[in-house]
file final36.cif (mmCIF, C-alpha atoms)
data_protein
#
loop_
_atom_site.group_PDB
_atom_site.id
_atom_site.type_symbol
_atom_site.label_atom_id
_atom_site.label_comp_id
_atom_site.auth_asym_id
_atom_site.auth_seq_id
_atom_site.Cartn_x
_atom_site.Cartn_y
_atom_site.Cartn_z
ATOM 1 C CA MET L 6 95.456 96.077 119.141
ATOM 2 C CA PRO L 7 93.306 98.664 117.330
ATOM 3 C CA PHE L 8 91.336 96.179 115.226
ATOM 4 C CA THR L 9 90.236 93.954 118.113
ATOM 5 C CA ALA L 10 86.745 95.458 118.095
ATOM 6 C CA LEU L 11 86.183 94.371 114.498
ATOM 7 C CA ALA L 12 86.334 90.717 115.539
ATOM 8 C CA THR L 13 82.971 91.116 117.268
ATOM 9 C CA ALA L 14 81.506 93.805 115.013
ATOM 10 C CA THR L 15 77.873 93.176 114.114
ATOM 11 C CA THR L 16 77.756 95.656 111.233
ATOM 12 C CA PRO L 17 79.075 94.041 108.014
ATOM 13 C CA THR L 18 80.500 97.333 106.773
ATOM 14 C CA ALA L 19 82.829 97.531 109.789
ATOM 15 C CA HIS L 20 85.227 95.368 107.782
ATOM 16 C CA ILE L 21 85.310 97.896 104.936
ATOM 17 C CA GLY L 22 87.628 100.833 105.492
ATOM 18 C CA LEU L 23 87.903 104.177 103.739
ATOM 19 C CA GLY L 24 91.212 105.064 102.105
ATOM 20 C CA LEU L 25 91.886 108.762 101.485
ATOM 21 C CA ALA L 26 94.410 108.464 98.639
ATOM 22 C CA ALA L 27 91.959 109.803 96.043
ATOM 23 C CA VAL L 28 90.665 112.822 97.977
ATOM 24 C CA GLY L 29 93.637 114.234 99.881
ATOM 25 C CA ARG L 30 95.313 115.641 96.762
ATOM 26 C CA PRO L 31 94.152 116.839 93.329
ATOM 27 C CA GLY L 32 95.789 114.042 91.305
ATOM 28 C CA TYR L 33 95.656 110.247 91.541
ATOM 29 C CA ILE L 34 95.878 107.238 89.227
ATOM 30 C CA ASN L 35 92.335 105.848 89.565
ATOM 31 C CA LEU L 36 90.616 105.543 86.197
ATOM 32 C CA HIS L 37 88.115 108.306 85.349
ATOM 33 C CA ARG L 38 89.003 110.205 88.501
ATOM 34 C CA ASP L 39 89.075 113.346 86.363
ATOM 35 C CA GLN L 40 85.277 113.056 86.152
ATOM 36 C CA ASP L 41 84.732 112.821 89.913
ATOM 37 C CA PHE L 42 85.269 116.487 90.788
ATOM 38 C CA PRO L 43 83.139 118.660 88.499
ATOM 39 C CA GLU L 44 82.956 121.407 91.121
ATOM 40 C CA GLY L 45 86.746 121.731 91.227
ATOM 41 C CA ARG L 46 89.669 120.329 93.146
ATOM 42 C CA ASP L 47 91.267 123.172 95.029
ATOM 43 C CA VAL L 48 92.102 122.702 98.706
ATOM 44 C CA GLU L 49 88.686 123.774 99.976
ATOM 45 C CA ASP L 50 86.882 121.572 97.439
ATOM 46 C CA LEU L 51 88.771 118.474 98.544
ATOM 47 C CA ARG L 52 88.538 119.387 102.222
ATOM 48 C CA ALA L 53 84.746 119.506 101.880
ATOM 49 C CA ARG L 54 84.677 116.294 99.829
ATOM 50 C CA THR L 55 86.823 114.447 102.378
ATOM 51 C CA HIS L 56 84.624 115.536 105.277
ATOM 52 C CA GLU L 57 81.495 114.567 103.334
ATOM 53 C CA LEU L 58 82.913 111.102 102.626
ATOM 54 C CA LEU L 59 83.985 110.594 106.238
ATOM 55 C CA ASP L 60 80.513 111.554 107.491
ATOM 56 C CA ALA L 61 78.867 109.145 105.060
ATOM 57 C CA ALA L 62 81.299 106.339 105.844
ATOM 58 C CA TYR L 63 80.880 106.619 109.595
ATOM 59 C CA ALA L 64 77.079 106.821 109.320
ATOM 60 C CA GLN L 65 77.091 103.588 107.289
ATOM 61 C CA GLY L 66 79.235 101.611 109.711
ATOM 62 C CA VAL L 67 82.765 102.091 108.376
ATOM 63 C CA ARG L 68 85.187 102.071 111.298
ATOM 64 C CA TYR L 69 88.666 102.263 109.753
ATOM 65 C CA VAL L 70 90.162 105.252 107.911
ATOM 66 C CA ASP L 71 93.504 105.018 106.114
ATOM 67 C CA ALA L 72 95.695 108.016 105.272
ATOM 68 C CA ALA L 73 99.385 108.666 104.521
ATOM 69 C CA ARG L 74 101.890 111.496 104.649
ATOM 70 C CA SER L 75 102.056 111.425 100.838
ATOM 71 C CA TYR L 76 98.290 111.761 100.329
ATOM 72 C CA GLY L 77 98.563 115.529 99.994
ATOM 73 C CA ARG L 78 96.551 117.069 102.849
ATOM 74 C CA ALA L 79 94.633 113.916 103.796
ATOM 75 C CA GLU L 80 95.928 113.849 107.380
ATOM 76 C CA GLU L 81 95.067 117.516 107.775
ATOM 77 C CA PHE L 82 91.524 117.001 106.489
ATOM 78 C CA LEU L 83 91.072 113.906 108.650
ATOM 79 C CA GLY L 84 92.438 115.614 111.764
ATOM 80 C CA GLU L 85 90.044 118.533 111.364
ATOM 81 C CA TRP L 86 87.134 116.146 110.937
ATOM 82 C CA LEU L 87 88.111 114.147 114.030
ATOM 83 C CA ASP L 88 88.549 117.281 116.128
ATOM 84 C CA ALA L 89 84.965 118.298 115.305
ATOM 85 C CA ARG L 90 83.635 114.845 116.311
ATOM 86 C CA PRO L 91 85.245 113.895 119.631
ATOM 87 C CA SER L 92 82.510 111.353 120.365
ATOM 88 C CA PHE L 93 83.608 109.104 117.478
ATOM 89 C CA THR L 94 85.937 107.121 119.722
ATOM 90 C CA ASP L 95 85.270 103.774 118.023
ATOM 91 C CA LEU L 96 86.967 104.825 114.781
ATOM 92 C CA VAL L 97 90.364 103.251 114.037
ATOM 93 C CA VAL L 98 92.763 105.711 112.391
ATOM 94 C CA GLY L 99 95.760 104.562 110.373
ATOM 95 C CA SER L 100 98.385 106.456 108.419
ATOM 96 C CA LYS L 101 101.649 105.705 106.664
ATOM 97 C CA TRP L 102 105.131 107.186 106.432
ATOM 98 C CA GLY L 103 107.915 106.720 103.877
ATOM 99 C CA TYR L 104 106.739 108.827 100.930
ATOM 100 C CA THR L 105 106.856 112.622 100.784
ATOM 101 C CA TYR L 106 104.230 114.469 98.734
ATOM 102 C CA THR L 107 106.046 116.645 96.170
ATOM 103 C CA ALA L 108 103.386 117.728 93.635
ATOM 104 C CA ASP L 109 102.575 121.057 95.334
ATOM 105 C CA TRP L 110 98.854 120.595 94.589
ATOM 106 C CA SER L 111 99.395 120.130 90.860
ATOM 107 C CA THR L 112 98.250 117.299 88.606
ATOM 108 C CA GLU L 113 101.065 118.065 86.156
ATOM 109 C CA ALA L 114 103.996 117.538 88.509
ATOM 110 C CA GLU L 115 106.912 115.482 87.212
ATOM 111 C CA ALA L 116 106.979 113.548 90.510
ATOM 112 C CA HIS L 117 103.977 113.364 92.832
ATOM 113 C CA GLU L 118 105.759 111.621 95.697
ATOM 114 C CA VAL L 119 109.287 110.596 96.656
ATOM 115 C CA LYS L 120 110.082 107.419 98.607
ATOM 116 C CA ASP L 121 112.563 107.303 101.494
ATOM 117 C CA HIS L 122 112.459 104.647 104.226
ATOM 118 C CA SER L 123 115.270 106.112 106.336
ATOM 119 C CA LEU L 124 115.095 106.670 110.079
ATOM 120 C CA ALA L 125 115.385 110.414 109.497
ATOM 121 C CA THR L 126 112.266 110.376 107.300
ATOM 122 C CA PHE L 127 110.390 108.358 109.910
ATOM 123 C CA GLU L 128 111.280 110.827 112.660
ATOM 124 C CA ARG L 129 110.318 113.834 110.530
ATOM 125 C CA GLN L 130 107.061 112.382 109.269
ATOM 126 C CA ARG L 131 106.078 110.955 112.649
ATOM 127 C CA ALA L 132 106.310 114.484 114.070
ATOM 128 C CA GLU L 133 104.212 115.821 111.182
ATOM 129 C CA THR L 134 101.568 113.145 111.655
ATOM 130 C CA ARG L 135 101.489 113.749 115.424
ATOM 131 C CA GLU L 136 100.860 117.440 114.841
ATOM 132 C CA LEU L 137 97.921 116.720 112.520
ATOM 133 C CA LEU L 138 96.324 113.684 114.166
ATOM 134 C CA GLY L 139 97.483 114.006 117.764
ATOM 135 C CA ASP L 140 96.577 111.042 119.941
ATOM 136 C CA ARG L 141 93.937 109.792 117.480
ATOM 137 C CA LEU L 142 96.503 107.794 115.488
ATOM 138 C CA ASP L 143 96.090 104.068 116.155
ATOM 139 C CA LEU L 144 98.274 102.566 113.424
ATOM 140 C CA TYR L 145 101.427 103.827 111.665
ATOM 141 C CA GLN L 146 102.626 101.858 108.649
ATOM 142 C CA ILE L 147 105.759 101.816 106.516
ATOM 143 C CA HIS L 148 104.492 102.878 103.094
ATOM 144 C CA SER L 149 105.109 100.427 100.219
ATOM 145 C CA LEU L 150 107.723 98.117 101.665
ATOM 146 C CA THR L 151 109.592 96.128 98.995
ATOM 147 C CA PRO L 152 112.221 93.381 99.377
ATOM 148 C CA ASP L 153 115.028 95.857 98.649
ATOM 149 C CA SER L 154 113.849 98.482 101.154
ATOM 150 C CA PRO L 155 116.545 99.573 103.650
ATOM 151 C CA ALA L 156 113.802 99.530 106.301
ATOM 152 C CA LEU L 157 114.081 95.745 106.463
ATOM 153 C CA ALA L 158 117.693 95.869 107.691
ATOM 154 C CA ASP L 159 117.728 99.097 109.732
ATOM 155 C CA LYS L 160 117.962 97.896 113.351
ATOM 156 C CA GLU L 161 117.829 101.432 114.734
ATOM 157 C CA LEU L 162 114.602 102.053 112.831
ATOM 158 C CA HIS L 163 113.185 98.781 114.164
ATOM 159 C CA GLU L 164 113.929 99.869 117.718
ATOM 160 C CA ARG L 165 112.259 103.224 117.131
ATOM 161 C CA LEU L 166 109.195 101.529 115.653
ATOM 162 C CA ALA L 167 109.051 99.196 118.648
ATOM 163 C CA ALA L 168 109.235 102.205 120.947
ATOM 164 C CA LEU L 169 106.291 103.753 119.096
ATOM 165 C CA ALA L 170 104.359 100.526 119.615
ATOM 166 C CA ALA L 171 105.193 100.650 123.322
ATOM 167 C CA GLU L 172 103.642 104.127 123.380
ATOM 168 C CA GLY L 173 100.351 102.617 122.169
ATOM 169 C CA VAL L 174 100.501 103.119 118.396
ATOM 170 C CA ALA L 175 100.415 99.817 116.509
ATOM 171 C CA VAL L 176 103.095 99.406 113.836
ATOM 172 C CA GLY L 177 102.454 97.916 110.399
ATOM 173 C CA PHE L 178 103.587 98.063 106.796
ATOM 174 C CA SER L 179 102.112 98.195 103.309
ATOM 175 C CA THR L 180 103.546 96.517 100.223
ATOM 176 C CA SER L 181 103.573 97.166 96.514
ATOM 177 C CA GLY L 182 104.922 95.619 93.314
ATOM 178 C CA PRO L 183 105.188 92.106 91.866
ATOM 179 C CA ASN L 184 107.238 90.837 94.830
ATOM 180 C CA GLN L 185 104.770 91.646 97.598
ATOM 181 C CA ALA L 186 104.948 88.101 98.973
ATOM 182 C CA ASP L 187 108.722 88.341 99.458
ATOM 183 C CA ALA L 188 108.391 91.652 101.278
ATOM 184 C CA ILE L 189 105.659 90.284 103.529
ATOM 185 C CA ARG L 190 107.659 87.229 104.523
ATOM 186 C CA ALA L 191 110.780 89.299 105.177
ATOM 187 C CA ALA L 192 108.791 91.669 107.399
ATOM 188 C CA LEU L 193 107.174 88.800 109.298
ATOM 189 C CA ALA L 194 110.644 87.645 110.321
ATOM 190 C CA LEU L 195 111.571 90.951 111.999
ATOM 191 C CA THR L 196 111.633 91.026 115.778
ATOM 192 C CA VAL L 197 112.776 93.414 118.503
ATOM 193 C CA ASP L 198 113.749 91.850 121.835
ATOM 194 C CA GLY L 199 112.202 88.609 120.626
ATOM 195 C CA ASN L 200 108.820 90.154 119.841
ATOM 196 C CA PRO L 201 107.347 90.460 116.318
ATOM 197 C CA LEU L 202 107.709 94.043 115.111
ATOM 198 C CA PHE L 203 104.560 94.356 113.006
ATOM 199 C CA ARG L 204 100.880 93.942 113.874
ATOM 200 C CA THR L 205 99.337 94.687 110.464
ATOM 201 C CA VAL L 206 100.099 94.261 106.774
ATOM 202 C CA GLN L 207 98.427 96.194 103.961
ATOM 203 C CA ALA L 208 98.741 94.733 100.470
ATOM 204 C CA THR L 209 97.254 94.878 96.993
ATOM 205 C CA TYR L 210 94.919 91.985 96.250
ATOM 206 C CA ASN L 211 92.123 91.834 93.703
ATOM 207 C CA ALA L 212 90.673 89.629 90.970
ATOM 208 C CA LEU L 213 93.587 90.516 88.668
ATOM 209 C CA GLU L 214 96.459 90.383 91.181
ATOM 210 C CA THR L 215 96.387 87.501 93.678
ATOM 211 C CA SER L 216 100.094 86.692 94.015
ATOM 212 C CA ALA L 217 100.353 87.842 97.648
ATOM 213 C CA GLU L 218 97.591 85.490 98.831
ATOM 214 C CA PRO L 219 99.774 82.716 100.353
ATOM 215 C CA ALA L 220 101.916 85.252 102.223
ATOM 216 C CA LEU L 221 98.838 87.133 103.440
ATOM 217 C CA ALA L 222 97.394 83.878 104.746
ATOM 218 C CA GLU L 223 100.669 83.299 106.590
ATOM 219 C CA ALA L 224 100.517 86.805 108.056
ATOM 220 C CA HIS L 225 96.960 86.208 109.232
ATOM 221 C CA GLU L 226 97.995 82.895 110.795
ATOM 222 C CA ALA L 227 100.822 84.725 112.585
ATOM 223 C CA GLY L 228 98.294 87.067 114.166
ATOM 224 C CA LEU L 229 98.595 90.146 111.948
ATOM 225 C CA THR L 230 95.530 92.005 110.732
ATOM 226 C CA VAL L 231 95.493 92.004 106.928
ATOM 227 C CA ILE L 232 94.313 95.227 105.254
ATOM 228 C CA VAL L 233 93.608 94.931 101.530
ATOM 229 C CA LYS L 234 94.096 97.919 99.236
ATOM 230 C CA GLU L 235 93.286 98.400 95.556
ATOM 231 C CA GLY L 236 90.542 95.780 95.586
ATOM 232 C CA MET L 237 89.147 97.365 92.422
ATOM 233 C CA ALA L 238 92.545 97.572 90.700
ATOM 234 C CA ASN L 239 92.504 101.371 90.515
ATOM 235 C CA GLY L 240 89.130 101.338 88.753
ATOM 236 C CA ARG L 241 89.793 98.507 86.304
ATOM 237 C CA LEU L 242 87.091 96.390 87.993
ATOM 238 C CA ALA L 243 84.393 99.053 88.233
ATOM 239 C CA GLY L 244 81.839 100.527 85.849
ATOM 240 C CA ASP L 245 82.343 100.150 82.128
ATOM 241 C CA GLU L 246 85.998 99.227 82.683
ATOM 242 C CA ALA L 247 85.060 95.984 84.445
ATOM 243 C CA PRO L 248 85.387 92.709 82.524
ATOM 244 C CA ALA L 249 82.136 91.273 81.180
ATOM 245 C CA VAL L 250 82.003 88.548 83.836
ATOM 246 C CA PHE L 251 82.008 91.229 86.543
ATOM 247 C CA ARG L 252 79.162 93.066 84.910
ATOM 248 C CA GLU L 253 77.166 89.829 84.511
ATOM 249 C CA ILE L 254 77.577 88.772 88.129
ATOM 250 C CA ALA L 255 76.844 92.316 89.301
ATOM 251 C CA ALA L 256 73.654 92.484 87.246
ATOM 252 C CA ASP L 257 72.459 89.179 88.703
ATOM 253 C CA ALA L 258 73.117 90.479 92.230
ATOM 254 C CA GLY L 259 71.589 93.893 91.581
ATOM 255 C CA VAL L 260 74.800 95.746 92.484
ATOM 256 C CA GLY L 261 77.709 97.360 90.661
ATOM 257 C CA GLY L 262 80.915 95.688 89.564
ATOM 258 C CA ASP L 263 82.737 97.529 92.347
ATOM 259 C CA ALA L 264 80.693 95.680 94.976
ATOM 260 C CA VAL L 265 81.500 92.350 93.318
ATOM 261 C CA ALA L 266 85.215 93.213 93.283
ATOM 262 C CA LEU L 267 85.277 94.049 96.988
ATOM 263 C CA ALA L 268 83.009 91.108 97.884
ATOM 264 C CA LEU L 269 85.549 88.759 96.313
ATOM 265 C CA VAL L 270 88.207 90.141 98.653
ATOM 266 C CA LEU L 271 85.933 90.070 101.701
ATOM 267 C CA HIS L 272 85.369 86.373 101.013
ATOM 268 C CA GLN L 273 89.025 85.608 101.735
ATOM 269 C CA PRO L 274 89.310 84.170 105.265
ATOM 270 C CA TRP L 275 92.502 86.123 105.950
ATOM 271 C CA ALA L 276 91.119 89.555 104.958
ATOM 272 C CA GLY L 277 90.531 91.666 108.060
ATOM 273 C CA VAL L 278 89.774 95.035 106.474
ATOM 274 C CA VAL L 279 89.140 95.831 102.811
ATOM 275 C CA LEU L 280 89.614 99.429 101.717
ATOM 276 C CA SER L 281 87.265 101.482 99.615
ATOM 277 C CA GLY L 282 89.037 104.218 97.706
ATOM 278 C CA ALA L 283 85.825 106.058 96.889
ATOM 279 C CA ALA L 284 86.062 109.650 95.735
ATOM 280 C CA THR L 285 82.309 110.359 95.935
ATOM 281 C CA VAL L 286 79.514 109.469 98.332
ATOM 282 C CA THR L 287 77.767 107.597 95.505
ATOM 283 C CA GLN L 288 80.870 105.485 94.890
ATOM 284 C CA LEU L 289 81.148 104.784 98.605
ATOM 285 C CA ALA L 290 77.540 103.596 98.801
ATOM 286 C CA GLY L 291 78.141 101.269 95.866
ATOM 287 C CA ASN L 292 81.312 99.904 97.445
ATOM 288 C CA LEU L 293 79.563 99.184 100.738
ATOM 289 C CA HIS L 294 77.072 96.903 98.984
ATOM 290 C CA ALA L 295 79.972 94.430 98.895
ATOM 291 C CA ALA L 296 79.178 93.531 102.490
ATOM 292 C CA VAL L 297 75.913 91.847 101.441
ATOM 293 C CA VAL L 298 77.040 90.219 98.172
ATOM 294 C CA ASP L 299 77.331 86.446 98.544
ATOM 295 C CA LEU L 300 79.419 84.981 95.721
ATOM 296 C CA ASP L 301 78.930 81.264 95.139
ATOM 297 C CA GLU L 302 81.685 78.860 94.153
ATOM 298 C CA GLU L 303 80.810 78.944 90.456
ATOM 299 C CA GLN L 304 80.977 82.757 90.396
ATOM 300 C CA ARG L 305 84.308 82.784 92.223
ATOM 301 C CA ASP L 306 85.697 80.253 89.748
ATOM 302 C CA ARG L 307 84.683 82.504 86.862
ATOM 303 C CA LEU L 308 86.416 85.474 88.458
ATOM 304 C CA GLU L 309 89.582 83.476 89.135
ATOM 305 C CA ALA L 310 90.038 83.097 85.374
ATOM 306 C CA LEU L 311 90.868 86.829 85.200
ATOM 307 C CA VAL L 312 94.138 86.612 87.151
ATOM 308 C CA GLU L 313 97.121 88.259 85.436
ATOM 309 C CA GLU L 314 100.819 87.607 85.831
ATOM 310 C CA PRO L 315 102.116 89.919 88.585
ATOM 311 C CA GLU L 316 104.743 91.572 86.370
ATOM 312 C CA SER L 317 102.114 92.350 83.730
ATOM 313 C CA TYR L 318 99.668 93.712 86.293
ATOM 314 C CA TRP L 319 102.219 96.030 87.889
ATOM 315 C CA ARG L 320 103.518 97.272 84.520
ATOM 316 C CA HIS L 321 99.963 98.235 83.644
ATOM 317 C CA ARG L 322 99.503 99.984 86.980
ATOM 318 C CA ALA L 323 102.778 101.888 86.615
ATOM 319 C CA ALA L 324 101.602 103.216 83.246
ATOM 320 C CA LEU L 325 98.354 104.680 84.597
ATOM 321 C CA PRO L 326 98.330 108.477 84.307
ATOM 322 C CA TRP L 327 97.828 110.831 87.237
ATOM 323 C CA HIS L 328 94.445 112.446 86.590
#
call {"tool": "encode", "arguments": {"input": "final36.cif", "output": "structure tokens"}}
result
Amino acid sequence: MPFTALATATTPTAHIGLGLAAVGRPGYINLHRDQDFPEGRDVEDLRARTHELLDAAYAQGVRYVDAARSYGRAEEFLGEWLDARPSFTDLVVGSKWGYTYTADWSTEAEAHEVKDHSLATFERQRAETRELLGDRLDLYQIHSLTPDSPALADKELHERLAALAAEGVAVGFSTSGPNQADAIRAALALTVDGNPLFRTVQATYNALETSAEPALAEAHEAGLTVIVKEGMANGRLAGDEAPAVFREIAADAGVGGDAVALALVLHQPWAGVVLSGAATVTQLAGNLHAAVVDLDEEQRDRLEALVEEPESYWRHRAALPWH
């Protein structure tokens, strides 16, 4: 299991991972992302930025990196970086399949990615990922599983995923939308030859969206590693966008609101890895302060008052523009 080493990790930041969604392509939905690339966002700009972030993350104890086929050229950038650093054997590398990047390096595309959870897409994208990451891939996840996904009922796909696991690549899934808990529980029930199919689950959880918590606790109890994405709600819990209570708690702790947001997630006993989606080295450094923020019960209670209804949260997220 690729995350076994984290159970005994002595560096607090080992439980914070780096997600490459915001740097593998020129457009993304994080707030104020348009201000993060003053030098430009052509392929070479983002290649250099990705490598800079990976260097900084590894130097500061981050040991999980998360990519996807739909993150533009993220796998390419990551593969190049790994090839140049063969001694970094303690880094866990995860990617995802199920979405195809369709924006052709434009921020004005009508559709930036197209979802397809068919066996044919898995086979095609697995070959693409293998070409870019080789034998450095530790975890391959179904991207954004929902209760209506055909991947939940496709027995042939399940057998192929189990075969991939037998080859040494752990199999997991990510979820999205207001019904994350239903998707998680449906996935937990899948077996091949009597063995659970999945070893990890990646889900959205933050101070505004907590609906998946019971299902994530169940997944943790079942032995899956829980990876949390969007801990800062696509920027809504960072900087000037953060609610006043975040800014107050952050000021008292001498950190930014982003660190408070991620610290809240790290506090959950079922959270194995919490992703930073930093687009700059400065943002990454601020995110990593979460590892040393100790929120007391009164502070956590204040933050719990911010929870939104899942449908409202996901409508807001769906309306965010691609910057």
call {"tool": "resolve_selection", "arguments": {"input": "final36.cif", "expression": "the PyMOL selection byres ((chain L and resi 235) around 9)", "output": "list in words"}}
result
Ala208, Thr209, Tyr210, Asn211, Val233, Lys234, Gly236, Met237, Ala238, Asn239, Gly240, Val279, Leu280, Ser281 and Gly282 of chain L
call {"tool": "atom_distance", "arguments": {"input": "final36.cif", "atom1": "atom CA of L:Ser75", "atom2": "atom CA of L:Gly99"}}
result
13.3 Å
call {"tool": "residues_around", "arguments": {"input": "final36.cif", "residues": "L:Tyr318", "least_positions_apart": "3", "cutoff": "10 Å", "atoms": "only C-alpha atoms", "output": "PyMOL selection string"}}
result
chain L and resi 182-183+213-214+238+312-315+321-323
call {"tool": "residues_around", "arguments": {"input": "final36.cif", "residues": "L:Arg141", "least_positions_apart": "3", "cutoff": "10 Å", "atoms": "all atoms listed in the file", "output": "list in words"}}
result
Gly84, Leu87, Asp88, Pro91, Thr94, Leu96, Val97, Val98, Gly99, Arg135, Leu137, Leu138, Leu144 and Val174 of chain L
call {"tool": "residues_around", "arguments": {"input": "final36.cif", "residues": "L:Val297", "least_positions_apart": "2", "cutoff": "9 Å", "atoms": "all atoms listed in the file", "output": "list in words"}}
result
Pro17, Thr18, Ala264, Ala268, Leu293, His294, Ala295 and Asp299 of chain L
call {"tool": "atom_distance", "arguments": {"input": "final36.cif", "atom1": "atom CA of L:Ala258", "atom2": "atom CA of L:Pro274"}}
result
21.7 Å
call {"tool": "atom_distance", "arguments": {"input": "final36.cif", "atom1": "atom CA of L:Leu202", "atom2": "atom CA of L:Pro155"}}
result
15.5 Å
call {"tool": "residues_around", "arguments": {"input": "final36.cif", "residues": "L:Arg307", "least_positions_apart": "3", "cutoff": "12 Å", "atoms": "all atoms listed in the file", "output": "number ranges by chain"}}
result
L: 212, 248-251, 253-254, 269, 300-304, 310-312
call {"tool": "resolve_selection", "arguments": {"input": "final36.cif", "expression": "the PyMOL selection byres ((chain L and resi 168-173) around 10)", "output": "list in words"}}
result
Met6, Pro7, Arg131, Asp140, Leu142, Asp143, Leu144, Tyr145, Leu162, His163, Glu164, Arg165, Leu166, Ala167, Val174, Ala175, Val176, Gly177, Val197, Leu202, Phe203 and Arg204 of chain L
call {"tool": "build_atoms", "arguments": {"input": "final36.cif", "residues": "stretch 119-125 of chain L", "atoms": "all heavy atoms", "output": "CSV table (one decimal), in the coordinates of the input"}}
result
chain,number,residue,atom,x,y,z
L,119,VAL,N,107.9,111.1,96.6
L,119,VAL,CA,109.3,110.6,96.7
L,119,VAL,C,109.4,109.6,97.8
L,119,VAL,O,109.1,110.0,99.0
L,119,VAL,CB,110.3,111.7,96.8
L,119,VAL,CG1,111.7,111.2,96.9
L,119,VAL,CG2,110.2,112.6,95.5
L,120,LYS,N,110.0,108.5,97.6
L,120,LYS,CA,110.1,107.4,98.6
L,120,LYS,C,111.4,107.5,99.3
L,120,LYS,O,112.5,107.7,98.7
L,120,LYS,CB,109.9,106.1,97.9
L,120,LYS,CG,109.9,104.9,98.9
L,120,LYS,CD,109.7,103.6,98.1
L,120,LYS,CE,109.6,102.4,98.9
L,120,LYS,NZ,109.3,101.1,98.1
L,121,ASP,N,111.4,107.3,100.7
L,121,ASP,CA,112.6,107.3,101.5
L,121,ASP,C,112.2,106.6,102.8
L,121,ASP,O,111.4,107.1,103.6
L,121,ASP,CB,113.1,108.7,101.8
L,121,ASP,CG,114.4,108.7,102.6
L,121,ASP,OD1,114.8,107.7,103.0
L,121,ASP,OD2,114.9,109.8,102.8
L,122,HIS,N,112.8,105.4,103.0
L,122,HIS,CA,112.5,104.6,104.2
L,122,HIS,C,113.5,104.8,105.3
L,122,HIS,O,113.7,103.9,106.1
L,122,HIS,CB,112.3,103.2,103.9
L,122,HIS,CG,111.0,102.9,103.2
L,122,HIS,ND1,110.7,101.6,102.6
L,122,HIS,CD2,109.9,103.6,103.1
L,122,HIS,CE1,109.5,101.6,102.2
L,122,HIS,NE2,108.9,102.8,102.4
L,123,SER,N,114.2,105.9,105.3
L,123,SER,CA,115.3,106.1,106.3
L,123,SER,C,114.7,106.5,107.7
L,123,SER,O,113.5,106.9,107.8
L,123,SER,CB,116.2,107.2,105.9
L,123,SER,OG,115.5,108.5,105.9
L,124,LEU,N,115.5,106.3,108.7
L,124,LEU,CA,115.1,106.7,110.1
L,124,LEU,C,114.8,108.2,110.2
L,124,LEU,O,113.9,108.6,110.8
L,124,LEU,CB,116.2,106.3,111.1
L,124,LEU,CG,116.0,106.7,112.5
L,124,LEU,CD1,114.7,106.1,113.1
L,124,LEU,CD2,117.2,106.3,113.4
L,125,ALA,N,115.6,109.0,109.5
L,125,ALA,CA,115.4,110.4,109.5
L,125,ALA,C,114.0,110.8,108.9
L,125,ALA,O,113.3,111.6,109.5
L,125,ALA,CB,116.5,111.1,108.7
